[in-house]
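Step one of this worksheet: look at the structure below.
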Amino acid sequence: MLRVESTKPYKVVYSLCRHEYLGFLIEPHVVQLNPDGDFSLTHQRLFTNTAKEFSAGFDESDFKLVKLLEETEQGHIIKRYYKKAIRPMEFFSKIYDEKLHNTIRPKIEKRIVEALSLLQSKEIYLMSKEGWPVERPLSIAEEPATVLFHFRKNEEETRYFPTIKYQGIRIEFMFKDAQVICNDPAWLLLENVLYFFEGDIEGKKLQPFLNKRYISIPKSAEKTYFERFVAPLIEKHHVYAEGFSINTERFEAIPVLKVIFIPSGTSQLQLYFRYGDYVFSAGSDRKVSVKMEKEKDNYIFHRIKRSIDREKTKLQELLSLGLKTTGGMFVYLETEQKTDEDPAFSVINWLNTHHEELSAGGFIIEQPDGNKRFLFGQSSINLEIQENNDWFDLKAFVRFGPYSIPFLELKHHILNKIREFVLPSGEVAIIPEEWFSQYSNLLSFTEKGHGDLRLKKHHIGLIADFADSELATVTIDRKLQKLSDFHEIEDAPIPVNFKGTLRSYQKAGYNWFHFLRKYNFGGCLADDMGLGKTVQTLALLQKIKEEGDTDGTSSTSLIIMPTSLIYNWLNEAGKFAPGLKILVHTGSFRNKDVERFLQYDVVLTTYGITRVDAELMEHLYFHYIILDESQNIKNPDSKAYKSVKTLKSKHKLILSGTPVENSVNDLWTQMSFINPGLLGNQHFFQNNFVTPIEKKKEEDKARKLQAIIKPFVLRRTKTQVAKELPEKTEQLFYCSMCEEQAEYYEKVKSEYRNELLKTLEDGTFARSQIQVLQGLTKLRQIANHPFMVDNSYEGESGKFENVIHTLENVLAEGHKVLVFSQFVKQLDIYRKYLDNERVPYAYLDGATKNRGEVVEEFQKNSDIKLFLISLKAGGVGLNLTEADYVFMLDPWWNPAVEQQAVDRTHRIGQTKNVFIYKFITKDSVEEKILALQIRKRAVADSLITTEESFVKSLSADDIREILN
């Protein structure tokens with residue numbers, strides 16, 4: 001083949017040709033011109049890499065066309081669909097089949113249609129069989145042609161054929177050698193004109209008629225043919241019928257939501273549109289839908305015009321109200337899933353919430369026959385709470401649509417989280433999710449009254465919670481409402497013979513005691529250490545003595561406390577209420593004649609004695625029973641709790657700076673003692689409060705528990721009230737281990753680390769928490785002084801040297817110092833040193849019997865500047881305001897316990913600035929504990945106080961970090 005020369009005249013043309021396998025294609029060619037301007041036989045196919053040479057004859061669209069048509073060329077197709085090198089003939093004869101053709105041809109046609117839109121102003125020709133690109137010029141129709149499909153039905157058959165009109169004139173195309181060059185959309189080559197059509201007609205609908213006048217459908221196949229072929233044809237195209245009817249109908253599109261309830265899955269809504277009696281699934285772009293009806297031998301096709309814009313608008317309305325489509329052929333809708341929502345009820349909840357908007361928007365809700373039927377619409381509770389003598393009456397009705405149901409009937413459902421409530425009609429109402437959290441607390445504590453519900457008076461906290469919300473109308477005594485705000489409680493006169501002045505917050509506490517007494521409630525005074533819980537209580541007891549009116553009952557009050565506090569109470573009573581006649585009922589040789597109690601105003605005894613003497617005392621009726629450090633009864637299975645529960649009194653009070661020591665569970669016994677039934681039974685409290693708050697961290701449950709107990713717990717912190725306290729300064733002293741100590745520490749740490757890391761790997765870590773505690777305790781002791789774990793150790797301790805040096809400086813300046821350690825063995829090392837140096841000191845640990853005298857000696861004797869105290873013995877009930885320095889020899893797991901130790905001196909009565917020195921051994925477990933304290937402060941503040949509970953709160957990563 002001769003090559004076209006670009007230096008001589010040529011023309012760029014587009015040629016329609018037929019490929020033996022690929023079908024009709026369009027190819028760009030350049031043809032050399034003869035001197036007279038005609039086409040010569042010299043031509044070549046253009047590709048992107050050869051087009052530039054002939055660019056003088058190109059415009060912008062030619063470059064586009066060359067690139068586009070190159071993608072339909074056989075070499076390009078083979079490369080794309082067959083990765084190995086292969087000759088074209090081999091590919092088409094061996095690889096190319098019908099399946100591959102059906103994949104490739106639509107992609108080719110897509111490019112041909114795009115090319116035809118760019119060829120309107122170009123020269124297009126038909127290629128000869130020999131391959132000459134310009135055999136015959138072709139033209140492209142100026143506008144789309146229209147097709148009308150004709151059906152003629154008679155008794156025997158139905159004949160079917162199309163007619164074509166172009167520019168309003170019918171054109172003959174049968175038996176004219178016409179060719180369908182493109183199927184979707186159809187392009188027809190007829191007598192040198194390329195025709196395209198209105199309405200996306202497929203070429204295969206015209207193909208049979210190129211050489212046939214009509215298609216005949218026999219009577220036997222008529223019904224199936226009409227359903228499967230004629231109805232879809234009427235939907236999309238113009239049809240003329242004889243022998244059956246086509247009715248075009250218009251209706252308003254009514255949106256229908258069909259509920260698809262899936263009990264243990266995700267329920268959905270399906271969106272339909274109803275046009276008259278016809279229903280169509282949403283999501284279609286069809287402007288017309290056809291339904292076929294057969295009456296005897298007659299067919300009627302109902303051609304319903306769809307309001308596509310309205311359908312889209314209605315779908316958009318649903319999406320704007322929080323639904324989302326799930327994809328697929330039909331429009332299925334779901335809600336955006338909330339984490340705590342049951343997916344089976346999510347669309348039901350959504351329908352209830354938006355019922356009014358949907359009705360206003362013309363939506364109809366349908367439910368499948370045979371399934372349970374839901375009632376849709378907003379639900380409401382009309383709750384009235386009225387105060388009665390000893391309880392609150394709850395009058396409540398629930399409204400589900402037209403039904404009014406007594407709230408009492410929902411109690412079981414709400415307490416057991418049963419969402420479905422069957423109405424008298426058999427329909428199912430879904431109880432709103434929020435009702436379970438809003439009302440379950442209230443219903444948990446209600447009892448059945450006369451046809452209504454009632455609540456004991458001490459559940460005022462639950463009522464107050466409702467009074468502050470829009471969930472109920474509450475009618476109760478204004479004074480009673482004040483219980484949750486002690487600042488506004490009415491003033492009670494101070495007893496005449498009370499020696500001393502109550503600070504403003506102490507006076508508020510004293511008033512609160514009187515308020516509780518008036519309404520027969522028990523209370524818990526939970527002020528911080530050192531704010532004077534004892535003094536406030538003594539003022540109350542002195543007032544009772546002066547009133548002398550105890551309704552004919554005994555005026556004797558019983559105070560139960562740890563042994564270590566007896567002296568403190570006696571001392572404080574002598575100071576503030578010397579008129580009180582007090583009996584101390586303690587000791588192995590105590591008088592067991594309990595009748596004599598009634599000759600006294602106050603009896604002081606211990607938890608230990610109460611356990612033994614409970615049976616002797618249980619027939620007595622005291623005016624008040626007061627528990628000091630009431631966390632001592634926190635275990636419901638303990639003898640301490642069981643014995644105090646057997647004692648009887650008109651009023652009950654408990655005092656504790658830490659009512660919650662280890663767990664929320666600690667509250668149950670203490671609250672049950674002061675107000676029985678306040679927190680339900682133990683099992684209920686565990687399931688409804690302890691587990692959700694501690695395991696699941698449910699803030700709402702914690703808030704609800706707070707609401708119940710708030711009226712009966714009065715807690716003030718130092719920062720809130722004791723503005724007059726002098727400043728407190730904390731300082732960290734980092735001590736390095738001496739060489740011998742460091743070696744010893746590393747050796748022990750390696751042993752424990754290998755053992756513990758093994759338990760972390762094999763999953764037995766959870767069972768080895770005691771081993772963890774032992775290991776960490778041993779490392780802490782070595783960090784302080786190895787002698788504590790090994791009597792044969794003769795080396796030094798870096799911390800010991802540091803503490804002694806600092807202590808000498810502070811004592812030389814005349815200050816008094818409290819030295820705290822939780823290890824008695826550590827205090828022994830310091831005692832031995834101080835005895836050798838002849839330095840006087842006071843000492844107190846768990847074995848000290850005469851605590852009162854020891855404390856008094858330190859407070860009054862100016863020669864004793866130093867007080868060594870073990871944590872467990874000195875953490876509570878000591879008043880040591882003479883000291884102004886606190887040495888913490890070892891950091892505790894919980895900062896709250898350190899705080900209690902500091903409170904021994906930084907309390908009411910202290911006038912000097914207090915300095916706290918914490919000694920930390922560098923590169924040891926102590927340093928890690930300090931970091932963990934900061935990380936876990938939030939947990940510690942709310943619950944943790946003991947070492948064991950702190951260790952339980954440590955994760956495997958925490959342990960790894962500590963032992964690194």
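Going through the structure tokens in order, the chains are called A, B, and so on, while each chain numbers its residues from 1 and the ligands are numbered from 1 in the order shown.
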* Quick one: residues within 7 Å of range 24-28 of chain A, only C-alpha atoms counted, chain neighbours fewer than 3 positions away excluded, as an MDAnalysis selection string? -> chainID A and resid 13:19 45:46 66 69 112 181
* Asked: Excluding same-chain residues fewer than 3 positions from Thr729 in chain A, what lies within 9 Å of it counting only C-alpha atoms, as a PyMOL selection string?
  -> chain A and resi 913-917
* Shell around range 806-822 of chain A at 7 Å using only C-alpha atoms, local window under 4 positions removed, as a VMD selection string -> chain A and resid 802 827 865 to 872 882 to 890
Write the residues you've just listed into a file as a PDB file, in the first residue's frame, and include C-alpha atoms for each of them.
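Produced file again-v3.pdb, reproduced below:
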```pdb
ATOM      1  CA  ASN A 802      17.705  11.878 102.768  1.00  0.00           C
ATOM      2  CA  LEU A 827       8.902   3.112 111.323  1.00  0.00           C
ATOM      3  CA  LYS A 865       8.603  17.498 118.125  1.00  0.00           C
ATOM      4  CA  LEU A 866       8.262  14.249 116.242  1.00  0.00           C
ATOM      5  CA  PHE A 867       5.312  11.880 115.833  1.00  0.00           C
ATOM      6  CA  LEU A 868       5.801   8.575 113.943  1.00  0.00           C
ATOM      7  CA  ILE A 869       2.425   7.228 112.768  1.00  0.00           C
ATOM      8  CA  SER A 870       1.384   4.141 110.777  1.00  0.00           C
ATOM      9  CA  LEU A 871      -1.232   4.875 108.119  1.00  0.00           C
ATOM     10  CA  LYS A 872      -3.872   2.377 109.208  1.00  0.00           C
ATOM     11  CA  GLU A 882       0.333  21.326 116.698  1.00  0.00           C
ATOM     12  CA  ALA A 883       2.297  19.873 113.803  1.00  0.00           C
ATOM     13  CA  ASP A 884       3.003  21.986 110.750  1.00  0.00           C
ATOM     14  CA  TYR A 885       5.184  19.539 108.768  1.00  0.00           C
ATOM     15  CA  VAL A 886       4.053  16.181 107.333  1.00  0.00           C
ATOM     16  CA  PHE A 887       6.633  13.710 106.017  1.00  0.00           C
ATOM     17  CA  MET A 888       5.200  11.030 103.690  1.00  0.00           C
ATOM     18  CA  LEU A 889       7.820   8.280 103.652  1.00  0.00           C
ATOM     19  CA  ASP A 890       6.157   6.183 100.946  1.00  0.00           C
TER      20      ASP A 890
END
```
* **Contacts of Asn571 in chain A within 9 Å, only C-alpha atoms, excl. fewer than 5 positions in-chain, as a VMD selection string** => chain A and resid 566 576 852
Produce a file of the selected residues containing N, CA and C atoms, as a compact mmCIF listing (two decimals), in the first residue's frame.
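This went into selection08.txt:
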```txt
# COMPACT_ATOMS: atom_id res chain seq x y z
N ILE A 566 -12.80 6.49 120.58
CA ILE A 566 -13.50 6.70 121.88
C ILE A 566 -12.92 7.91 122.62
N PHE A 576 -16.93 20.67 124.34
CA PHE A 576 -18.06 21.40 123.75
C PHE A 576 -19.41 21.18 124.45
N GLY A 852 -5.26 8.12 123.11
CA GLY A 852 -5.62 9.45 123.59
C GLY A 852 -4.47 10.13 124.31
```
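Shortest separation to Asn675 in chain A among A:Asp828, A:Lys291, A:Val713, A:Asp863 occurs at residue A:Val713, atoms counted being only C-alpha atoms.
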Could you name the residues that touch Val256 in chain A at 7 Å or less, counting only C-alpha atoms, but leaving out those on the same chain fewer than 5 positions away, as a PDB file with N, CA and C atoms, in the first residue's frame?
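Dumped to selection37.pdb:
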```pdb
ATOM      1  N   LEU A 271     -40.563   2.257  50.442  1.00  0.00           N
ATOM      2  CA  LEU A 271     -41.336   3.385  49.910  1.00  0.00           C
ATOM      3  C   LEU A 271     -41.979   2.991  48.576  1.00  0.00           C
ATOM      4  N   TYR A 272     -43.326   3.167  48.519  1.00  0.00           N
ATOM      5  CA  TYR A 272     -44.095   2.942  47.291  1.00  0.00           C
ATOM      6  C   TYR A 272     -44.825   4.232  46.953  1.00  0.00           C
ATOM      7  N   PHE A 273     -45.393   4.252  45.741  1.00  0.00           N
ATOM      8  CA  PHE A 273     -46.305   5.353  45.398  1.00  0.00           C
ATOM      9  C   PHE A 273     -47.573   4.745  44.834  1.00  0.00           C
ATOM     10  N   ARG A 274     -48.674   5.249  45.334  1.00  0.00           N
ATOM     11  CA  ARG A 274     -49.970   4.750  44.867  1.00  0.00           C
ATOM     12  C   ARG A 274     -50.551   5.772  43.891  1.00  0.00           C
ATOM     13  N   PHE A 363     -48.249  11.099  53.685  1.00  0.00           N
ATOM     14  CA  PHE A 363     -47.748   9.719  53.672  1.00  0.00           C
ATOM     15  C   PHE A 363     -48.770   8.775  54.305  1.00  0.00           C
ATOM     16  N   ILE A 364     -48.888   7.588  53.727  1.00  0.00           N
ATOM     17  CA  ILE A 364     -49.741   6.541  54.309  1.00  0.00           C
ATOM     18  C   ILE A 364     -48.800   5.450  54.818  1.00  0.00           C
ATOM     19  N   ILE A 365     -49.073   4.942  56.045  1.00  0.00           N
ATOM     20  CA  ILE A 365     -48.235   3.863  56.604  1.00  0.00           C
ATOM     21  C   ILE A 365     -49.009   2.558  56.476  1.00  0.00           C
ATOM     22  N   GLU A 366     -48.365   1.560  55.884  1.00  0.00           N
ATOM     23  CA  GLU A 366     -49.016   0.256  55.704  1.00  0.00           C
ATOM     24  C   GLU A 366     -48.222  -0.822  56.415  1.00  0.00           C
TER      25      GLU A 366
END
```
* Asked: Pick the closest to Pro133 in chain A from A:Thr42, A:Thr610, A:Thr146, A:Ser924: which is it, counting only C-alpha atoms?
  ->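 For Pro133 in chain A, the nearest of the candidates is A:Thr42.
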* Could you find all residues in range 108-186 of chain A that DSSP calls strand (DSSP E or B) from the backbone, and write them as a ChimeraX atom specification? => /A:124-126,136-140,145-153,157-166,169-171,179-182
Let's have the selection written as a short mmCIF file (atom, residue, chain, number, x, y, z; two decimals), in the first residue's frame, with N, CA and C atoms.
```cif
data_model
loop_
_atom_site.label_atom_id
_atom_site.label_comp_id
_atom_site.auth_asym_id
_atom_site.auth_seq_id
_atom_site.Cartn_x
_atom_site.Cartn_y
_atom_site.Cartn_z
N ILE A 124 -18.32 11.95 6.06
CA ILE A 124 -18.39 10.55 6.45
C ILE A 124 -18.76 9.72 5.22
N TYR A 125 -18.09 8.57 5.05
CA TYR A 125 -18.24 7.74 3.85
C TYR A 125 -18.47 6.29 4.26
N LEU A 126 -18.94 5.52 3.29
CA LEU A 126 -19.03 4.07 3.49
C LEU A 126 -17.79 3.45 2.87
N ARG A 136 -18.70 5.59 -0.81
CA ARG A 136 -19.98 6.30 -0.96
C ARG A 136 -20.14 7.31 0.17
N PRO A 137 -20.49 8.59 -0.19
CA PRO A 137 -20.68 9.56 0.89
C PRO A 137 -21.98 9.29 1.65
N LEU A 138 -21.93 9.51 2.99
CA LEU A 138 -23.10 9.33 3.84
C LEU A 138 -23.42 10.66 4.51
N SER A 139 -24.70 10.80 4.97
CA SER A 139 -25.05 12.00 5.73
C SER A 139 -25.72 11.56 7.04
N ILE A 140 -25.68 12.45 8.03
CA ILE A 140 -26.32 12.16 9.33
C ILE A 140 -27.62 12.95 9.38
N ALA A 145 -35.56 10.54 14.26
CA ALA A 145 -36.76 9.95 13.63
C ALA A 145 -37.62 9.38 14.76
N THR A 146 -38.91 9.12 14.47
CA THR A 146 -39.79 8.53 15.49
C THR A 146 -40.26 7.17 14.99
N VAL A 147 -40.53 6.30 15.96
CA VAL A 147 -41.01 4.95 15.63
C VAL A 147 -42.38 4.78 16.26
N LEU A 148 -43.29 4.22 15.51
CA LEU A 148 -44.62 3.87 16.03
C LEU A 148 -44.76 2.36 15.86
N PHE A 149 -45.05 1.69 16.99
CA PHE A 149 -45.24 0.23 16.93
C PHE A 149 -46.72 -0.07 16.74
N HIS A 150 -47.00 -0.88 15.74
CA HIS A 150 -48.40 -1.22 15.42
C HIS A 150 -48.70 -2.64 15.88
N PHE A 151 -49.86 -2.80 16.55
CA PHE A 151 -50.35 -4.15 16.90
C PHE A 151 -51.75 -4.30 16.33
N ARG A 152 -51.98 -5.39 15.60
CA ARG A 152 -53.32 -5.66 15.05
C ARG A 152 -53.73 -7.05 15.52
N LYS A 153 -54.70 -7.04 16.45
CA LYS A 153 -55.11 -8.32 17.04
C LYS A 153 -56.45 -8.75 16.42
N GLU A 157 -54.60 -14.31 15.48
CA GLU A 157 -53.23 -13.91 15.78
C GLU A 157 -53.17 -12.40 16.07
N THR A 158 -51.94 -12.00 16.47
CA THR A 158 -51.68 -10.56 16.58
C THR A 158 -50.46 -10.27 15.70
N ARG A 159 -50.64 -9.31 14.81
CA ARG A 159 -49.50 -8.93 13.97
C ARG A 159 -48.85 -7.66 14.54
N TYR A 160 -47.54 -7.67 14.42
CA TYR A 160 -46.80 -6.57 15.05
C TYR A 160 -45.73 -6.08 14.08
N PHE A 161 -45.64 -4.75 13.88
CA PHE A 161 -44.58 -4.17 13.03
C PHE A 161 -44.39 -2.70 13.41
N PRO A 162 -43.20 -2.15 13.11
CA PRO A 162 -42.98 -0.72 13.38
C PRO A 162 -43.06 0.09 12.08
N THR A 163 -43.39 1.38 12.25
CA THR A 163 -43.25 2.32 11.11
C THR A 163 -42.35 3.45 11.59
N ILE A 164 -41.60 4.04 10.63
CA ILE A 164 -40.65 5.11 10.98
C ILE A 164 -41.07 6.38 10.26
N LYS A 165 -41.03 7.51 11.00
CA LYS A 165 -41.29 8.81 10.38
C LYS A 165 -40.08 9.69 10.61
N TYR A 166 -39.73 10.43 9.53
CA TYR A 166 -38.65 11.39 9.65
C TYR A 166 -39.16 12.73 9.14
N ILE A 169 -42.66 12.66 7.84
CA ILE A 169 -43.01 11.86 6.65
C ILE A 169 -42.58 10.41 6.89
N ARG A 170 -43.47 9.49 6.60
CA ARG A 170 -43.15 8.07 6.79
C ARG A 170 -42.10 7.63 5.75
N ILE A 171 -41.10 6.89 6.27
CA ILE A 171 -40.07 6.42 5.33
C ILE A 171 -40.08 4.89 5.31
N GLN A 179 -29.35 -1.14 7.39
CA GLN A 179 -28.48 -1.82 8.36
C GLN A 179 -28.59 -1.13 9.73
N VAL A 180 -28.74 -1.95 10.81
CA VAL A 180 -28.67 -1.38 12.19
C VAL A 180 -27.19 -1.34 12.54
N ILE A 181 -26.63 -0.14 12.58
CA ILE A 181 -25.17 -0.05 12.83
C ILE A 181 -24.87 0.07 14.34
N CYS A 182 -25.93 0.37 15.11
CA CYS A 182 -25.73 0.53 16.56
C CYS A 182 -27.02 0.09 17.23
#
```
* Could you tell me, as an NGL selection string, which residues of range 613-819 of chain A DSSP assigns to helix (DSSP H, G or I) when given the backbone? => :A and (613-617 or 630-633 or 639-646 or 666-674 or 682-695 or 699-712 or 718-721 or 739-762 or 765-784 or 786-788 or 798-812)
* Tell me which protein, DNA and RNA residues are within 7 Å of Asp628 in chain A, counting only C-alpha atoms, leaving out same-chain ones fewer than 2 positions away, and put them as a list in words. =>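 Selected residues are Ile560, Met561, Ile626, Ser630, Ile654, Leu655 and Ser656 of chain A.
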Restricting the output to N, CA and C atoms, write the selected residues as a PDB file, in the first residue's frame.
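Final output, out-v9.pdb:
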```
ATOM      1  N   ILE A 560     -21.740   4.502 117.972  1.00  0.00           N
ATOM      2  CA  ILE A 560     -20.861   3.347 117.742  1.00  0.00           C
ATOM      3  C   ILE A 560     -19.710   3.804 116.850  1.00  0.00           C
ATOM      4  N   MET A 561     -18.476   3.403 117.201  1.00  0.00           N
ATOM      5  CA  MET A 561     -17.296   3.922 116.479  1.00  0.00           C
ATOM      6  C   MET A 561     -16.151   2.921 116.556  1.00  0.00           C
ATOM      7  N   ILE A 626     -26.070   6.573 116.330  1.00  0.00           N
ATOM      8  CA  ILE A 626     -25.143   7.288 115.443  1.00  0.00           C
ATOM      9  C   ILE A 626     -23.932   6.395 115.199  1.00  0.00           C
ATOM     10  N   SER A 630     -18.797   5.234 109.490  1.00  0.00           N
ATOM     11  CA  SER A 630     -19.829   4.233 109.187  1.00  0.00           C
ATOM     12  C   SER A 630     -19.424   3.279 108.069  1.00  0.00           C
ATOM     13  N   ILE A 654     -25.422   8.648 110.400  1.00  0.00           N
ATOM     14  CA  ILE A 654     -24.089   8.075 110.207  1.00  0.00           C
ATOM     15  C   ILE A 654     -23.115   9.188 109.835  1.00  0.00           C
ATOM     16  N   LEU A 655     -21.856   9.025 110.259  1.00  0.00           N
ATOM     17  CA  LEU A 655     -20.814  10.014 109.992  1.00  0.00           C
ATOM     18  C   LEU A 655     -19.670   9.298 109.273  1.00  0.00           C
ATOM     19  N   SER A 656     -19.195   9.874 108.178  1.00  0.00           N
ATOM     20  CA  SER A 656     -18.060   9.263 107.479  1.00  0.00           C
ATOM     21  C   SER A 656     -17.510  10.231 106.450  1.00  0.00           C
TER      22      SER A 656
END
```
